[in-house]
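Trainee: First the structure, which I've put down as C-alpha coordinates, then a few questions once you've had a look.
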Amino acid sequence: MARDLISIIVPCYNEQEVLPLFYEETVKWIDQIDADFEFVLVDDGSKDNTILVMRELAAKDSRVMYYSFSRNFGKEAGIYAGLTHARGDYCVIMDADLQDPPSLLPEMYNAVKNEGYDSVATCRETRKGEPPIRSFFARMFYKIINNISDADIKDGARDYRMMCRAMVDAIVGMGEYNRFSKGIFGWVGYKTKWLPYENIERAAGQTKWSFWKLFKYSLDGIINFSSAPLNISSWAGIVFCIVAFAATVFFFARRLIFGDPVDGWASTACLITFIGGVQLFCVGVLGQYISRIYLESKGRPKFIVRETNRKEDEET
(Lines give C-alpha, C1' and ligand atoms only; values in the text may rest on other atoms or scores of the structure.)
Protein backbone atom coordinates (compact mmCIF):
# COMPACT_ATOMS: atom_id res chain seq x y z
CA MET A 1 0.00 0.00 0.00
CA ALA A 2 1.31 3.42 -0.93
CA ARG A 3 2.22 5.68 1.94
CA ASP A 4 0.26 8.90 2.49
CA LEU A 5 1.86 12.15 1.44
CA ILE A 6 1.49 15.03 3.91
CA SER A 7 2.14 18.59 2.73
CA ILE A 8 3.31 21.09 5.36
CA ILE A 9 2.40 24.58 4.16
CA VAL A 10 4.33 27.43 5.76
CA PRO A 11 3.58 31.05 4.74
CA CYS A 12 6.61 33.20 5.62
CA TYR A 13 7.22 36.92 5.82
CA ASN A 14 10.62 38.04 7.16
CA GLU A 15 11.26 34.73 8.96
CA GLN A 16 15.00 34.27 8.29
CA GLU A 17 15.80 33.90 12.00
CA VAL A 18 13.19 31.32 12.92
CA LEU A 19 12.78 29.28 9.71
CA PRO A 20 15.85 27.02 10.31
CA LEU A 21 14.65 26.37 13.87
CA PHE A 22 11.19 25.53 12.57
CA TYR A 23 12.60 23.09 10.02
CA GLU A 24 14.80 21.29 12.55
CA GLU A 25 12.03 20.98 15.13
CA THR A 26 9.43 19.82 12.61
CA VAL A 27 11.71 17.17 11.09
CA LYS A 28 12.11 15.62 14.56
CA TRP A 29 8.38 14.97 14.74
CA ILE A 30 7.58 14.01 11.16
CA ASP A 31 10.25 11.30 11.29
CA GLN A 32 8.03 9.60 13.88
CA ILE A 33 5.07 9.41 11.47
CA ASP A 34 4.63 6.56 8.99
CA ALA A 35 4.03 8.82 5.98
CA ASP A 36 5.90 10.77 3.34
CA PHE A 37 6.24 14.54 3.66
CA GLU A 38 6.83 17.63 1.59
CA PHE A 39 7.41 21.17 2.82
CA VAL A 40 5.66 23.89 0.82
CA LEU A 41 7.35 27.11 1.92
CA VAL A 42 5.81 30.35 0.66
CA ASP A 43 7.91 33.51 0.77
CA ASP A 44 5.40 36.35 0.88
CA GLY A 45 7.68 39.03 -0.54
CA SER A 46 10.02 39.09 2.48
CA LYS A 47 12.44 41.99 2.82
CA ASP A 48 15.09 39.97 4.65
CA ASN A 49 16.97 36.81 3.61
CA THR A 50 14.06 34.40 4.00
CA ILE A 51 14.35 33.26 0.38
CA LEU A 52 18.06 32.47 0.88
CA VAL A 53 17.20 30.27 3.85
CA MET A 54 14.57 28.50 1.75
CA ARG A 55 17.11 27.84 -0.99
CA GLU A 56 19.53 26.39 1.53
CA LEU A 57 16.88 24.10 3.01
CA ALA A 58 15.81 22.96 -0.46
CA ALA A 59 19.43 22.23 -1.41
CA LYS A 60 19.89 19.83 1.50
CA ASP A 61 16.41 18.30 1.61
CA SER A 62 14.57 17.28 -1.58
CA ARG A 63 11.27 17.37 0.32
CA VAL A 64 11.46 21.18 0.57
CA MET A 65 9.59 23.09 -2.12
CA TYR A 66 9.45 26.87 -2.04
CA TYR A 67 7.51 29.59 -3.82
CA SER A 68 8.61 33.21 -3.66
CA PHE A 69 6.10 35.96 -4.43
CA SER A 70 6.94 38.99 -6.55
CA ARG A 71 5.83 41.20 -3.65
CA ASN A 72 3.99 41.00 -0.34
CA PHE A 73 0.44 39.75 -1.03
CA GLY A 74 -0.47 38.96 2.59
CA LYS A 75 -0.78 35.80 4.66
CA GLU A 76 -4.12 34.83 3.14
CA ALA A 77 -2.51 34.73 -0.31
CA GLY A 78 0.35 32.68 1.15
CA ILE A 79 -2.06 30.11 2.58
CA TYR A 80 -4.00 29.92 -0.67
CA ALA A 81 -0.81 29.52 -2.72
CA GLY A 82 0.39 26.74 -0.45
CA LEU A 83 -2.91 24.86 -0.67
CA THR A 84 -2.98 25.34 -4.44
CA HIS A 85 0.50 23.87 -4.98
CA ALA A 86 0.42 21.18 -2.27
CA ARG A 87 0.39 17.61 -3.60
CA GLY A 88 -0.37 15.81 -0.35
CA ASP A 89 -3.22 13.49 0.59
CA TYR A 90 -3.33 15.60 3.74
CA CYS A 91 -2.27 19.23 4.13
CA VAL A 92 -1.08 21.07 7.22
CA ILE A 93 -0.93 24.84 7.60
CA MET A 94 1.69 26.04 10.09
CA ASP A 95 3.36 29.29 11.08
CA ALA A 96 7.15 29.37 10.99
CA ASP A 97 7.47 31.02 14.42
CA LEU A 98 6.96 27.70 16.30
CA GLN A 99 3.85 29.03 18.02
CA ASP A 100 2.22 26.09 16.24
CA PRO A 101 3.89 23.16 18.04
CA PRO A 102 5.09 20.41 15.64
CA SER A 103 4.70 17.96 18.53
CA LEU A 104 0.97 17.85 17.74
CA LEU A 105 1.53 16.47 14.22
CA PRO A 106 1.46 12.73 15.15
CA GLU A 107 -1.80 13.16 17.05
CA MET A 108 -3.31 15.20 14.22
CA TYR A 109 -2.41 12.59 11.62
CA ASN A 110 -3.82 9.78 13.74
CA ALA A 111 -7.12 11.64 14.07
CA VAL A 112 -7.62 12.21 10.34
CA LYS A 113 -6.27 8.77 9.41
CA ASN A 114 -7.90 6.52 12.00
CA GLU A 115 -10.58 8.43 13.92
CA GLY A 116 -12.84 9.44 11.04
CA TYR A 117 -12.13 13.18 11.08
CA ASP A 118 -11.69 15.27 7.93
CA SER A 119 -9.77 17.99 9.74
CA VAL A 120 -7.90 18.52 12.98
CA ALA A 121 -7.74 22.16 14.06
CA THR A 122 -5.96 23.78 16.98
CA CYS A 123 -6.96 26.49 19.41
CA ARG A 124 -5.28 28.16 22.35
CA GLU A 125 -6.62 27.23 25.78
CA THR A 126 -5.53 30.57 27.24
CA ARG A 127 -4.18 33.87 25.98
CA LYS A 128 -1.32 33.89 28.46
CA GLY A 129 1.35 36.41 27.49
CA GLU A 130 -1.01 38.44 25.30
CA PRO A 131 -1.82 42.09 26.17
CA PRO A 132 -5.20 42.32 28.00
CA ILE A 133 -6.68 44.85 25.57
CA ARG A 134 -5.79 42.62 22.62
CA SER A 135 -7.32 39.58 24.34
CA PHE A 136 -10.53 41.49 25.05
CA PHE A 137 -11.01 42.58 21.44
CA ALA A 138 -10.13 39.10 20.16
CA ARG A 139 -12.81 37.48 22.32
CA MET A 140 -15.34 40.11 21.27
CA PHE A 141 -14.52 39.45 17.61
CA TYR A 142 -15.20 35.72 17.91
CA LYS A 143 -18.50 36.35 19.72
CA ILE A 144 -19.65 38.88 17.13
CA ILE A 145 -18.73 36.94 14.00
CA ASN A 146 -20.27 33.69 15.28
CA ASN A 147 -23.52 35.50 16.08
CA ILE A 148 -23.90 37.40 12.81
CA SER A 149 -22.52 34.97 10.23
CA ASP A 150 -22.56 31.35 9.07
CA ALA A 151 -18.86 30.99 9.86
CA ASP A 152 -18.14 28.61 12.73
CA ILE A 153 -14.97 29.95 14.35
CA LYS A 154 -13.85 28.72 17.74
CA ASP A 155 -12.47 31.29 20.18
CA GLY A 156 -8.67 31.15 20.07
CA ALA A 157 -8.66 29.24 16.78
CA ARG A 158 -5.36 29.11 14.93
CA ASP A 159 -4.66 28.60 11.24
CA TYR A 160 -2.68 25.52 12.32
CA ARG A 161 -4.68 22.51 11.12
CA MET A 162 -4.44 19.28 9.15
CA MET A 163 -7.03 18.64 6.43
CA CYS A 164 -7.91 15.81 4.10
CA ARG A 165 -7.61 16.31 0.34
CA ALA A 166 -11.39 16.67 -0.17
CA MET A 167 -11.52 19.60 2.27
CA VAL A 168 -8.44 21.21 0.70
CA ASP A 169 -10.01 20.97 -2.75
CA ALA A 170 -13.20 22.58 -1.44
CA ILE A 171 -11.22 25.48 0.04
CA VAL A 172 -9.14 25.99 -3.11
CA GLY A 173 -12.36 25.90 -5.12
CA MET A 174 -13.53 29.01 -3.26
CA GLY A 175 -11.59 31.33 -5.53
CA GLU A 176 -12.61 34.64 -3.97
CA TYR A 177 -9.99 37.41 -3.99
CA ASN A 178 -10.80 38.74 -0.50
CA ARG A 179 -10.10 35.73 1.70
CA PHE A 180 -10.57 35.04 5.40
CA SER A 181 -9.31 31.51 5.95
CA LYS A 182 -10.66 31.01 9.47
CA GLY A 183 -14.15 31.72 8.17
CA ILE A 184 -13.65 29.58 5.05
CA PHE A 185 -12.53 26.60 7.15
CA GLY A 186 -15.77 26.76 9.12
CA TRP A 187 -17.97 27.55 6.12
CA VAL A 188 -16.97 24.50 4.04
CA GLY A 189 -17.92 22.24 6.95
CA TYR A 190 -16.42 18.75 7.25
CA LYS A 191 -15.95 16.88 10.50
CA THR A 192 -13.36 18.66 12.62
CA LYS A 193 -11.61 17.71 15.83
CA TRP A 194 -10.24 20.53 18.01
CA LEU A 195 -6.93 20.24 19.84
CA PRO A 196 -6.39 22.84 22.57
CA TYR A 197 -2.89 23.82 23.70
CA GLU A 198 -1.18 26.43 25.82
CA ASN A 199 -0.11 29.68 24.18
CA ILE A 200 3.54 29.59 23.09
CA GLU A 201 5.83 32.57 22.52
CA ARG A 202 7.69 33.05 19.24
CA ALA A 203 10.97 31.13 19.05
CA ALA A 204 12.72 34.07 17.33
CA GLY A 205 12.04 37.20 15.33
CA GLN A 206 9.22 39.71 15.71
CA THR A 207 5.48 39.34 15.21
CA LYS A 208 4.14 40.90 11.99
CA TRP A 209 0.67 41.45 13.46
CA SER A 210 0.14 44.83 15.08
CA PHE A 211 -3.13 45.69 16.82
CA TRP A 212 -4.19 47.78 13.82
CA LYS A 213 -3.47 44.95 11.35
CA LEU A 214 -5.47 42.52 13.49
CA PHE A 215 -8.32 45.04 13.67
CA LYS A 216 -8.39 45.39 9.89
CA TYR A 217 -8.22 41.60 9.54
CA SER A 218 -11.20 41.18 11.86
CA LEU A 219 -13.20 43.70 9.82
CA ASP A 220 -12.38 41.71 6.68
CA GLY A 221 -13.72 38.59 8.36
CA ILE A 222 -16.99 40.25 9.39
CA ILE A 223 -17.58 41.85 5.98
CA ASN A 224 -16.61 38.70 4.05
CA PHE A 225 -18.98 36.45 5.98
CA SER A 226 -21.88 38.61 7.05
CA SER A 227 -24.29 41.23 5.71
CA ALA A 228 -25.15 42.32 9.26
CA PRO A 229 -23.30 45.67 8.97
CA LEU A 230 -25.52 46.55 6.00
CA ASN A 231 -28.60 45.61 8.01
CA ILE A 232 -27.42 47.68 10.96
CA SER A 233 -26.86 50.74 8.79
CA SER A 234 -30.30 50.29 7.22
CA TRP A 235 -32.01 50.06 10.59
CA ALA A 236 -30.04 53.06 11.84
CA GLY A 237 -31.41 55.07 8.92
CA ILE A 238 -34.98 53.98 9.71
CA VAL A 239 -34.61 54.81 13.40
CA PHE A 240 -33.25 58.29 12.73
CA CYS A 241 -36.02 58.99 10.21
CA ILE A 242 -38.59 58.11 12.88
CA VAL A 243 -36.80 60.23 15.47
CA ALA A 244 -36.58 63.19 13.06
CA PHE A 245 -40.29 62.93 12.19
CA ALA A 246 -41.29 62.71 15.87
CA ALA A 247 -39.10 65.71 16.72
CA THR A 248 -40.68 67.73 13.89
CA VAL A 249 -44.21 66.96 15.14
CA PHE A 250 -43.23 67.80 18.70
CA PHE A 251 -41.69 71.18 17.91
CA PHE A 252 -44.53 72.08 15.54
CA ALA A 253 -47.14 71.27 18.20
CA ARG A 254 -45.15 73.19 20.78
CA ARG A 255 -45.11 76.23 18.52
CA LEU A 256 -48.86 76.07 17.93
CA ILE A 257 -49.83 75.45 21.55
CA PHE A 258 -47.36 77.64 23.46
CA GLY A 259 -46.34 80.09 20.78
CA ASP A 260 -42.73 79.84 21.96
CA PRO A 261 -39.95 80.13 19.46
CA VAL A 262 -37.79 77.05 19.19
CA ASP A 263 -34.57 77.70 21.12
CA GLY A 264 -31.37 75.70 21.34
CA TRP A 265 -29.43 76.30 18.17
CA ALA A 266 -26.31 74.79 19.69
CA SER A 267 -28.04 71.50 20.49
CA THR A 268 -29.59 71.51 17.02
CA ALA A 269 -26.18 71.92 15.43
CA CYS A 270 -24.83 69.03 17.52
CA LEU A 271 -27.79 66.86 16.50
CA ILE A 272 -27.26 67.64 12.82
CA THR A 273 -23.56 66.84 13.13
CA PHE A 274 -24.34 63.55 14.87
CA ILE A 275 -26.87 62.50 12.26
CA GLY A 276 -24.42 63.49 9.51
CA GLY A 277 -21.80 61.30 11.16
CA VAL A 278 -24.21 58.35 11.24
CA GLN A 279 -24.97 58.89 7.55
CA LEU A 280 -21.29 58.92 6.66
CA PHE A 281 -20.78 55.76 8.74
CA CYS A 282 -23.56 54.00 6.84
CA VAL A 283 -22.13 55.15 3.52
CA GLY A 284 -18.72 53.88 4.66
CA VAL A 285 -20.17 50.44 5.47
CA LEU A 286 -21.77 50.32 2.05
CA GLY A 287 -18.46 51.41 0.51
CA GLN A 288 -16.63 48.51 2.14
CA TYR A 289 -18.92 46.01 0.46
CA ILE A 290 -18.77 47.82 -2.87
CA SER A 291 -14.97 47.93 -2.74
CA ARG A 292 -14.86 44.16 -2.33
CA ILE A 293 -17.22 43.69 -5.26
CA TYR A 294 -14.92 45.98 -7.26
CA LEU A 295 -11.82 43.95 -6.38
CA GLU A 296 -13.57 40.65 -7.15
CA SER A 297 -14.76 41.95 -10.52
CA LYS A 298 -11.20 42.75 -11.62
CA GLY A 299 -10.27 39.08 -11.61
CA ARG A 300 -6.68 39.79 -10.61
CA PRO A 301 -4.48 36.88 -9.46
CA LYS A 302 -4.27 36.37 -5.71
CA PHE A 303 -0.50 36.04 -5.92
CA ILE A 304 2.34 36.09 -8.45
CA VAL A 305 5.20 33.59 -8.11
CA ARG A 306 8.58 35.08 -8.96
CA GLU A 307 10.68 32.01 -8.15
CA THR A 308 10.17 28.35 -7.31
CA ASN A 309 12.32 25.23 -7.19
CA ARG A 310 9.50 22.97 -8.35
CA LYS A 311 10.34 22.65 -12.03
CA GLU A 312 6.95 21.52 -13.29
CA ASP A 313 5.32 24.62 -11.73
CA GLU A 314 8.08 26.83 -13.09
CA GLU A 315 7.38 25.66 -16.63
CA THR A 316 3.60 26.22 -16.53
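We name chains A, B, ... following the order of the C-alpha coordinates; residues begin at 1 in each chain, and ligands are numbered from 1 as shown.
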I'd like the neighbourhood of region 59-61 of chain A as an MDAnalysis selection string, where a residue qualifies if any of its atoms comes within 10 Å (using only C-alpha atoms), though same-chain residues fewer than 3 positions away should be ignored.

Mentor: chainID A and resid 38:39 53:56 64:65 309

Trainee: I need the residues from that last selection saved to file as a JSON list (two decimals), in the first residue's frame (with N, CA and C atoms), if you can.

Mentor:
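As written to disk, selection.json reads:
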[["chain", "number", "residue", "atom", "x", "y", "z"],
["A", 38, "GLU", "N", 6.24, 16.56, 2.38],
["A", 38, "GLU", "CA", 6.83, 17.63, 1.59],
["A", 38, "GLU", "C", 6.58, 18.93, 2.33],
["A", 39, "PHE", "N", 7.57, 19.82, 2.28],
["A", 39, "PHE", "CA", 7.41, 21.17, 2.82],
["A", 39, "PHE", "C", 7.07, 22.10, 1.66],
["A", 53, "VAL", "N", 17.35, 31.40, 2.93],
["A", 53, "VAL", "CA", 17.20, 30.27, 3.85],
["A", 53, "VAL", "C", 16.41, 29.15, 3.18],
["A", 54, "MET", "N", 15.36, 29.51, 2.46],
["A", 54, "MET", "CA", 14.57, 28.50, 1.75],
["A", 54, "MET", "C", 15.41, 27.76, 0.72],
["A", 55, "ARG", "N", 16.24, 28.49, -0.01],
["A", 55, "ARG", "CA", 17.11, 27.84, -0.99],
["A", 55, "ARG", "C", 18.06, 26.86, -0.33],
["A", 56, "GLU", "N", 18.61, 27.26, 0.82],
["A", 56, "GLU", "CA", 19.53, 26.39, 1.53],
["A", 56, "GLU", "C", 18.84, 25.12, 2.02],
["A", 64, "VAL", "N", 11.79, 19.75, 0.40],
["A", 64, "VAL", "CA", 11.46, 21.18, 0.57],
["A", 64, "VAL", "C", 11.19, 21.81, -0.78],
["A", 65, "MET", "N", 9.98, 22.32, -0.95],
["A", 65, "MET", "CA", 9.59, 23.09, -2.12],
["A", 65, "MET", "C", 9.31, 24.52, -1.66],
["A", 309, "ASN", "N", 11.41, 26.32, -6.87],
["A", 309, "ASN", "CA", 12.32, 25.23, -7.19],
["A", 309, "ASN", "C", 11.59, 23.99, -7.69]]

Trainee: Mind giving me the straight-line distance from CA of Pro11 (chain A) to CA of Tyr109 (chain A) in Å, one decimal?

Mentor: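 Interatomic distance, CA of Pro11 (chain A) to CA of Tyr109 (chain A): 20.6 Å.
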